[in-house]
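Colleague: Supplied structure: protein.pdb, PDB, C-alpha atoms.
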ATOM      1  CA  MET R   1       0.000   0.000   0.000
ATOM      2  CA  LYS R   2       1.278   3.441  -0.913
ATOM      3  CA  ARG R   3       0.779   6.170   1.672
ATOM      4  CA  ILE R   4       0.065   9.813   1.052
ATOM      5  CA  ASP R   5       0.314  12.878   3.331
ATOM      6  CA  TYR R   6      -1.447  16.204   2.951
ATOM      7  CA  ILE R   7      -0.387  19.602   4.161
ATOM      8  CA  CYS R   8      -2.544  21.771   6.362
ATOM      9  CA  PRO R   9      -5.463  22.712   5.920
ATOM     10  CA  ILE R  10      -6.353  19.595   3.862
ATOM     11  CA  ASP R  11      -7.169  16.621   6.056
ATOM     12  CA  CYS R  12      -7.971  14.049   3.395
ATOM     13  CA  ILE R  13      -8.895  13.772  -0.269
ATOM     14  CA  HIS R  14     -10.864  10.867  -1.731
ATOM     15  CA  GLY R  15     -11.313   9.679  -5.282
ATOM     16  CA  ASN R  16      -9.746  10.574  -8.599
ATOM     17  CA  ILE R  17      -7.412  13.528  -8.114
ATOM     18  CA  SER R  18      -6.037  13.489 -11.663
ATOM     19  CA  GLY R  19      -9.018  15.119 -13.372
ATOM     20  CA  ARG R  20     -11.656  14.051 -15.884
ATOM     21  CA  GLN R  21     -11.125  12.468 -19.253
ATOM     22  CA  ASP R  22     -13.302  11.396 -22.166
ATOM     23  CA  ILE R  23     -13.088   7.628 -22.331
ATOM     24  CA  GLU R  24     -13.862   5.766 -25.547
ATOM     25  CA  TYR R  25     -14.346   2.071 -26.130
ATOM     26  CA  ASP R  26     -13.408   1.151 -29.698
ATOM     27  CA  GLY R  27     -14.242   4.692 -30.839
ATOM     28  CA  ALA R  28     -17.637   4.846 -29.128
ATOM     29  CA  ASP R  29     -19.147   5.318 -25.677
ATOM     30  CA  ALA R  30     -19.803   2.498 -23.194
ATOM     31  CA  TYR R  31     -23.536   2.300 -23.954
ATOM     32  CA  SER R  32     -22.929   1.312 -27.584
ATOM     33  CA  ILE R  33     -20.945  -1.847 -26.667
ATOM     34  CA  ALA R  34     -22.758  -5.057 -27.652
ATOM     35  CA  ASP R  35     -24.205  -7.260 -24.895
ATOM     36  CA  GLY R  36     -21.848 -10.013 -23.792
ATOM     37  CA  SER R  37     -18.743  -8.027 -24.752
ATOM     38  CA  LYS R  38     -15.877  -7.085 -22.467
ATOM     39  CA  VAL R  39     -14.051  -4.067 -23.894
ATOM     40  CA  SER R  40     -11.148  -2.068 -22.447
ATOM     41  CA  SER R  41     -10.732   1.613 -23.171
ATOM     42  CA  ASN R  42      -8.102   2.397 -25.780
ATOM     43  CA  ASN R  43      -7.489   6.022 -24.727
ATOM     44  CA  TYR R  44      -7.419   5.733 -20.918
ATOM     45  CA  LYS R  45      -4.624   7.646 -19.201
ATOM     46  CA  ALA R  46      -3.338   6.570 -15.767
ATOM     47  CA  ARG R  47      -5.159   8.204 -12.835
ATOM     48  CA  LEU R  48      -4.131   8.803  -9.231
ATOM     49  CA  ILE R  49      -6.857   7.606  -6.840
ATOM     50  CA  ALA R  50      -6.630   8.814  -3.222
ATOM     51  CA  ALA R  51      -8.426   7.169  -0.311
ATOM     52  CA  GLY R  52      -8.538   7.139   3.457
ATOM     53  CA  ARG R  53      -9.533   4.611   6.075
ATOM     54  CA  SER R  54      -9.980   5.054   9.807
ATOM     55  CA  THR R  55      -8.043   2.689  12.037
ATOM     56  CA  PHE R  56      -9.011   1.357  15.459
ATOM     57  CA  SER R  57      -6.794   3.935  17.166
ATOM     58  CA  GLY R  58      -8.711   6.788  15.516
ATOM     59  CA  TYR R  59      -5.821   7.598  13.200
ATOM     60  CA  LYS R  60      -6.836   8.058   9.578
ATOM     61  CA  LEU R  61      -4.714   5.975   7.226
ATOM     62  CA  ARG R  62      -4.301   7.852   3.932
ATOM     63  CA  TYR R  63      -3.233   5.939   0.846
ATOM     64  CA  PHE R  64      -3.382   6.065  -2.942
ATOM     65  CA  SER R  65      -3.345   3.814  -5.956
ATOM     66  CA  VAL R  66      -2.729   4.302  -9.644
ATOM     67  CA  ARG R  67      -5.523   3.143 -11.925
ATOM     68  CA  THR R  68      -4.099   2.214 -15.318
ATOM     69  CA  ARG R  69      -7.092   0.934 -17.260
ATOM     70  CA  THR R  70     -10.850   0.634 -17.315
ATOM     71  CA  THR R  71     -12.969  -2.114 -18.819
ATOM     72  CA  VAL R  72     -16.706  -2.465 -19.430
ATOM     73  CA  ASN R  73     -18.325  -5.886 -19.210
ATOM     74  CA  MET R  74     -21.632  -5.161 -20.955
ATOM     75  CA  THR R  75     -24.583  -7.222 -19.770
ATOM     76  CA  ALA R  76     -28.319  -6.662 -20.086
ATOM     77  CA  ARG R  77     -28.403  -5.459 -16.474
ATOM     78  CA  MET R  78     -25.496  -3.058 -17.075
ATOM     79  CA  ARG R  79     -27.223  -1.651 -20.177
ATOM     80  CA  SER R  80     -30.431  -1.157 -18.216
ATOM     81  CA  ASN R  81     -28.572   0.667 -15.420
ATOM     82  CA  LEU R  82     -26.767   2.900 -17.916
ATOM     83  CA  ALA R  83     -30.069   3.752 -19.623
ATOM     84  CA  LEU R  84     -31.744   4.542 -16.290
ATOM     85  CA  MET R  85     -28.841   6.779 -15.234
ATOM     86  CA  GLY R  86     -28.716   8.479 -18.637
ATOM     87  CA  GLY R  87     -32.472   8.969 -18.846
ATOM     88  CA  SER R  88     -32.862  10.313 -15.318
ATOM     89  CA  GLY R  89     -29.814  12.552 -15.786
ATOM     90  CA  ALA R  90     -31.188  13.918 -19.060
ATOM     91  CA  LEU R  91     -34.577  14.644 -17.499
ATOM     92  CA  PHE R  92     -32.973  16.368 -14.507
ATOM     93  CA  ALA R  93     -30.661  18.433 -16.717
ATOM     94  CA  SER R  94     -33.626  19.515 -18.821
ATOM     95  CA  LEU R  95     -35.626  20.351 -15.695
ATOM     96  CA  ILE R  96     -32.973  22.683 -14.274
ATOM     97  CA  SER R  97     -32.019  24.214 -17.626
ATOM     98  CA  ASP R  98     -35.000  26.582 -17.523
ATOM     99  CA  LYS R  99     -35.673  27.804 -14.006
ATOM    100  CA  THR R 100     -38.647  29.910 -15.113
ATOM    101  CA  THR R 101     -40.928  26.940 -15.878
ATOM    102  CA  ALA R 102     -43.823  25.988 -13.632
ATOM    103  CA  ILE R 103     -42.630  22.377 -13.269
ATOM    104  CA  TYR R 104     -39.245  23.573 -11.969
ATOM    105  CA  ALA R 105     -40.910  25.820  -9.375
ATOM    106  CA  GLN R 106     -43.204  22.968  -8.293
ATOM    107  CA  CYS R 107     -40.263  20.564  -7.928
ATOM    108  CA  VAL R 108     -38.294  23.101  -5.871
ATOM    109  CA  ALA R 109     -41.333  23.670  -3.643
ATOM    110  CA  ALA R 110     -41.744  19.894  -3.161
ATOM    111  CA  CYS R 111     -38.076  19.373  -2.269
ATOM    112  CA  PRO R 112     -37.523  18.910   1.485
ATOM    113  CA  ALA R 113     -35.624  21.646   3.314
ATOM    114  CA  LYS R 114     -31.815  21.313   3.408
ATOM    115  CA  MET R 115     -31.864  18.628   0.703
ATOM    116  CA  PRO R 116     -30.278  19.273  -2.698
ATOM    117  CA  LEU R 117     -32.769  19.195  -5.556
ATOM    118  CA  ARG R 118     -30.712  16.583  -7.430
ATOM    119  CA  MET R 119     -30.695  14.238  -4.424
ATOM    120  CA  PHE R 120     -34.478  14.530  -4.186
ATOM    121  CA  ILE R 121     -35.474  14.367  -7.866
ATOM    122  CA  VAL R 122     -33.067  11.908  -9.550
ATOM    123  CA  PRO R 123     -34.034   8.809  -7.475
ATOM    124  CA  LEU R 124     -37.707   9.519  -8.180
ATOM    125  CA  LEU R 125     -36.980   9.880 -11.904
ATOM    126  CA  ARG R 126     -34.933   6.666 -11.929
ATOM    127  CA  TYR R 127     -37.668   4.728 -10.126
ATOM    128  CA  GLY R 128     -40.365   6.082 -12.470
ATOM    129  CA  LEU R 129     -38.310   5.241 -15.571
ATOM    130  CA  ALA R 130     -37.592   1.729 -14.277
ATOM    131  CA  ALA R 131     -41.281   1.153 -13.555
ATOM    132  CA  LYS R 132     -42.122   2.584 -17.015
ATOM    133  CA  ASN R 133     -44.705   4.936 -15.523
ATOM    134  CA  ALA R 134     -46.346   7.352 -17.954
ATOM    135  CA  ASN R 135     -46.141  10.103 -15.317
ATOM    136  CA  ILE R 136     -43.376  10.187 -12.732
ATOM    137  CA  VAL R 137     -44.857  11.483  -9.488
ATOM    138  CA  ILE R 138     -42.654  13.961  -7.617
ATOM    139  CA  ALA R 139     -45.235  15.105  -5.034
ATOM    140  CA  ASP R 140     -48.999  15.597  -4.777
ATOM    141  CA  ASN R 141     -50.169  17.200  -8.040
ATOM    142  CA  VAL R 142     -46.566  17.387  -9.327
ATOM    143  CA  SER R 143     -45.501  14.908 -11.995
ATOM    144  CA  ILE R 144     -43.084  14.751 -14.885
ATOM    145  CA  VAL R 145     -44.234  13.195 -18.157
ATOM    146  CA  ASN R 146     -42.109  10.174 -19.109
ATOM    147  CA  PRO R 147     -41.163  10.912 -22.745
ATOM    148  CA  TRP R 148     -40.293   7.256 -23.441
ATOM    149  CA  VAL R 149     -43.712   5.921 -22.398
ATOM    150  CA  SER R 150     -46.353   8.659 -22.538
ATOM    151  CA  SER R 151     -47.789  10.136 -25.707
ATOM    152  CA  ASP R 152     -48.585  13.382 -23.838
ATOM    153  CA  THR R 153     -46.559  16.505 -24.533
ATOM    154  CA  PRO R 154     -43.520  16.382 -22.226
ATOM    155  CA  ASN R 155     -43.365  19.065 -19.551
ATOM    156  CA  VAL R 156     -39.592  18.427 -19.326
ATOM    157  CA  PRO R 157     -38.372  18.133 -22.933
ATOM    158  CA  VAL R 158     -35.439  15.860 -23.810
ATOM    159  CA  THR R 159     -33.559  15.970 -27.120
ATOM    160  CA  SER R 160     -34.456  13.436 -29.781
ATOM    161  CA  ALA R 161     -30.878  12.088 -29.728
ATOM    162  CA  ILE R 162     -31.285  11.101 -26.052
ATOM    163  CA  LEU R 163     -34.773   9.727 -26.677
ATOM    164  CA  ASP R 164     -33.479   7.558 -29.512
ATOM    165  CA  LYS R 165     -30.366   6.427 -27.629
ATOM    166  CA  PHE R 166     -32.258   4.995 -24.637
ATOM    167  CA  ASN R 167     -35.515   4.080 -26.389
ATOM    168  CA  SER R 168     -34.701   0.355 -26.561
ATOM    169  CA  GLU R 169     -34.439   0.169 -22.753
ATOM    170  CA  LEU R 170     -36.808   2.837 -21.434
ATOM    171  CA  SER R 171     -39.813   2.628 -23.756
ATOM    172  CA  SER R 172     -42.872   0.607 -22.820
ATOM    173  CA  ASN R 173     -42.236  -1.654 -25.850
ATOM    174  CA  SER R 174     -39.030  -3.118 -24.368
TER     175      SER R 174
END
Could you quickly redo this structure as structure tokens?
Modeller:
Amino acid sequence: MKRIDYICPIDCIHGNISGRQDIEYDGADAYSIADGSKVSSNNYKARLIAAGRSTFSGYKLRYFSVRTRTTVNMTARMRSNLALMGGSGALFASLISDKTTAIYAQCVAACPAKMPLRMFIVPLLRYGLAAKNANIVIADNVSIVNPWVSSDTPNVPVTSAILDKFNSELSSNS
């Protein structure tokens, strides 16, 4: 195990400290990999991953590792999870993109105090998409139209590219 120390005022850092990167799998994104395939990224750059663990004495053990590759093992369950994350993320992004809409104001009003809107809304969206509900209920008299299932006009519009990308998993026909 490799240890790491931080200078004051930083106590501990967790996760990838090397920054973001756009990862491709054979020139495409992870969602486009065929089921049953196990594909490694061809453009992944090494990343420094920092972590910390408390010991019995109360001392925090700080360590790091170097991640050198990433691989996707695409299964039907993995594809479904990716579609649910992508669909709920797209709906949330569309919801917060225009803060003047009535649905945004209703969602903010329904959000419990001291809870981030994303933490409140995204699990509800994910559950509604997984259940293939035509309307995803946020609170009493507040619902978001599921664009993959309902034929009603969406109150939170999503681009046609996103609709087409996740249609095989999120529509009521799948």
Colleague: Residues of stretch 18-128 of chain R within 7 Å of stretch 145-156 of chain R: nearest atom pair and distance (Å, one decimal) for each, counting only C-alpha atoms, sorted by chain and number, as a Markdown table?
Modeller:
| residue | atom | partner | partner_atom | distance |
| --- | --- | --- | --- | --- |
| R:Leu91 | CA | R:Val156 | CA | 6.5 |
| R:Ser94 | CA | R:Val156 | CA | 6.1 |
| R:Leu95 | CA | R:Val156 | CA | 5.7 |
Colleague: Apply the PyMOL selection byres ((chain R and resi 22-25) around 10) to the structure shown and report the selected residues as an MDAnalysis selection string.
Modeller: chainID R and resid 20:21 26:33 38:45 70:72
Colleague: Could the residues in this selection be written to a file with C-alpha atoms, as a PDB file, in the frame of the given file?
Modeller:
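The result, written out as selection-v1.pdb:
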ATOM      1  CA  ARG R  20     -11.656  14.051 -15.884  1.00  0.00           C
ATOM      2  CA  GLN R  21     -11.125  12.468 -19.253  1.00  0.00           C
ATOM      3  CA  ASP R  26     -13.408   1.151 -29.698  1.00  0.00           C
ATOM      4  CA  GLY R  27     -14.242   4.692 -30.839  1.00  0.00           C
ATOM      5  CA  ALA R  28     -17.637   4.846 -29.128  1.00  0.00           C
ATOM      6  CA  ASP R  29     -19.147   5.318 -25.677  1.00  0.00           C
ATOM      7  CA  ALA R  30     -19.803   2.498 -23.194  1.00  0.00           C
ATOM      8  CA  TYR R  31     -23.536   2.300 -23.954  1.00  0.00           C
ATOM      9  CA  SER R  32     -22.929   1.312 -27.584  1.00  0.00           C
ATOM     10  CA  ILE R  33     -20.945  -1.847 -26.667  1.00  0.00           C
ATOM     11  CA  LYS R  38     -15.877  -7.085 -22.467  1.00  0.00           C
ATOM     12  CA  VAL R  39     -14.051  -4.067 -23.894  1.00  0.00           C
ATOM     13  CA  SER R  40     -11.148  -2.068 -22.447  1.00  0.00           C
ATOM     14  CA  SER R  41     -10.732   1.613 -23.171  1.00  0.00           C
ATOM     15  CA  ASN R  42      -8.102   2.397 -25.780  1.00  0.00           C
ATOM     16  CA  ASN R  43      -7.489   6.022 -24.727  1.00  0.00           C
ATOM     17  CA  TYR R  44      -7.419   5.733 -20.918  1.00  0.00           C
ATOM     18  CA  LYS R  45      -4.624   7.646 -19.201  1.00  0.00           C
ATOM     19  CA  THR R  70     -10.850   0.634 -17.315  1.00  0.00           C
ATOM     20  CA  THR R  71     -12.969  -2.114 -18.819  1.00  0.00           C
ATOM     21  CA  VAL R  72     -16.706  -2.465 -19.430  1.00  0.00           C
TER      22      VAL R  72
END
Colleague: Run through the PyMOL selection byres ((chain R and resi 139) around 9) on the given coordinates and return the selected residues as a PyMOL selection string.
Modeller: chain R and resi 106-107+110-111+137-138+140-143
Colleague: Mind telling me what the PyMOL selection byres ((chain R and resi 35) around 7) catches here, as a list in words?
Modeller: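 That expression, the PyMOL selection byres ((chain R and resi 35) around 7), corresponds here to Ile33, Ala34, Gly36, Ser37, Met74, Thr75 and Ala76 of chain R.
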Colleague: What lies within 8 Å of R:Gly52 using all atoms listed in the file, ignoring chain neighbours under 4 positions off, as a PyMOL selection string?
Modeller: chain R and resi 12-14+60-63
Colleague: Calculated over all atoms listed in the file, which of the candidates R:Ile17, R:Ala50, R:Leu129, R:Ala93 has the smallest distance to R:Ile4?
Modeller: R:Ala50
Colleague: In Å to one decimal, how far is atom CA of R:Arg47 from atom CA of R:Asp5?
Modeller: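 Going from atom CA of R:Asp5 over to atom CA of R:Arg47 covers 17.7 Å.
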Colleague: Quick one: residues within 7 Å of (-39.6, -1.2, -17.5) (file frame), counting all atoms listed in the file, please, as a list in words.
Modeller: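 In the file's frame, the residues around the point are Leu129, Ala130, Ala131, Lys132, Leu170 and Ser172 of chain R.
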Colleague: Quick check, in Å to one decimal: how far apart do atom CA of R:Pro116 and atom CA of R:Ile136 lie?
Modeller: 18.8 Å
Colleague: So the first atom is atom CA of R:Ala161 and the second is atom CA of R:Ser80; what is the distance between them in Å, to one decimal place?
Modeller: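 Atom-to-atom, atom CA of R:Ala161 to atom CA of R:Ser80, that is 17.6 Å.
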Colleague: Excluding R:Ser88 and its own-chain neighbours fewer than 6 positions away, which residues fall within 7 Å of it when counting all atoms listed in the file? Please give them as a ChimeraX atom specification.
Modeller: /R:122,125-126
Colleague: Give the centre and edge lengths of an axis-aligned box, in Å to one decimal, that holds all listed atoms of stretch 63-69 of chain R with 3 Å on each side, as JSON.
Modeller:
{"center_x": -4.9, "center_y": 3.5, "center_z": -8.2, "size_x": 10.4, "size_y": 11.1, "size_z": 24.1}
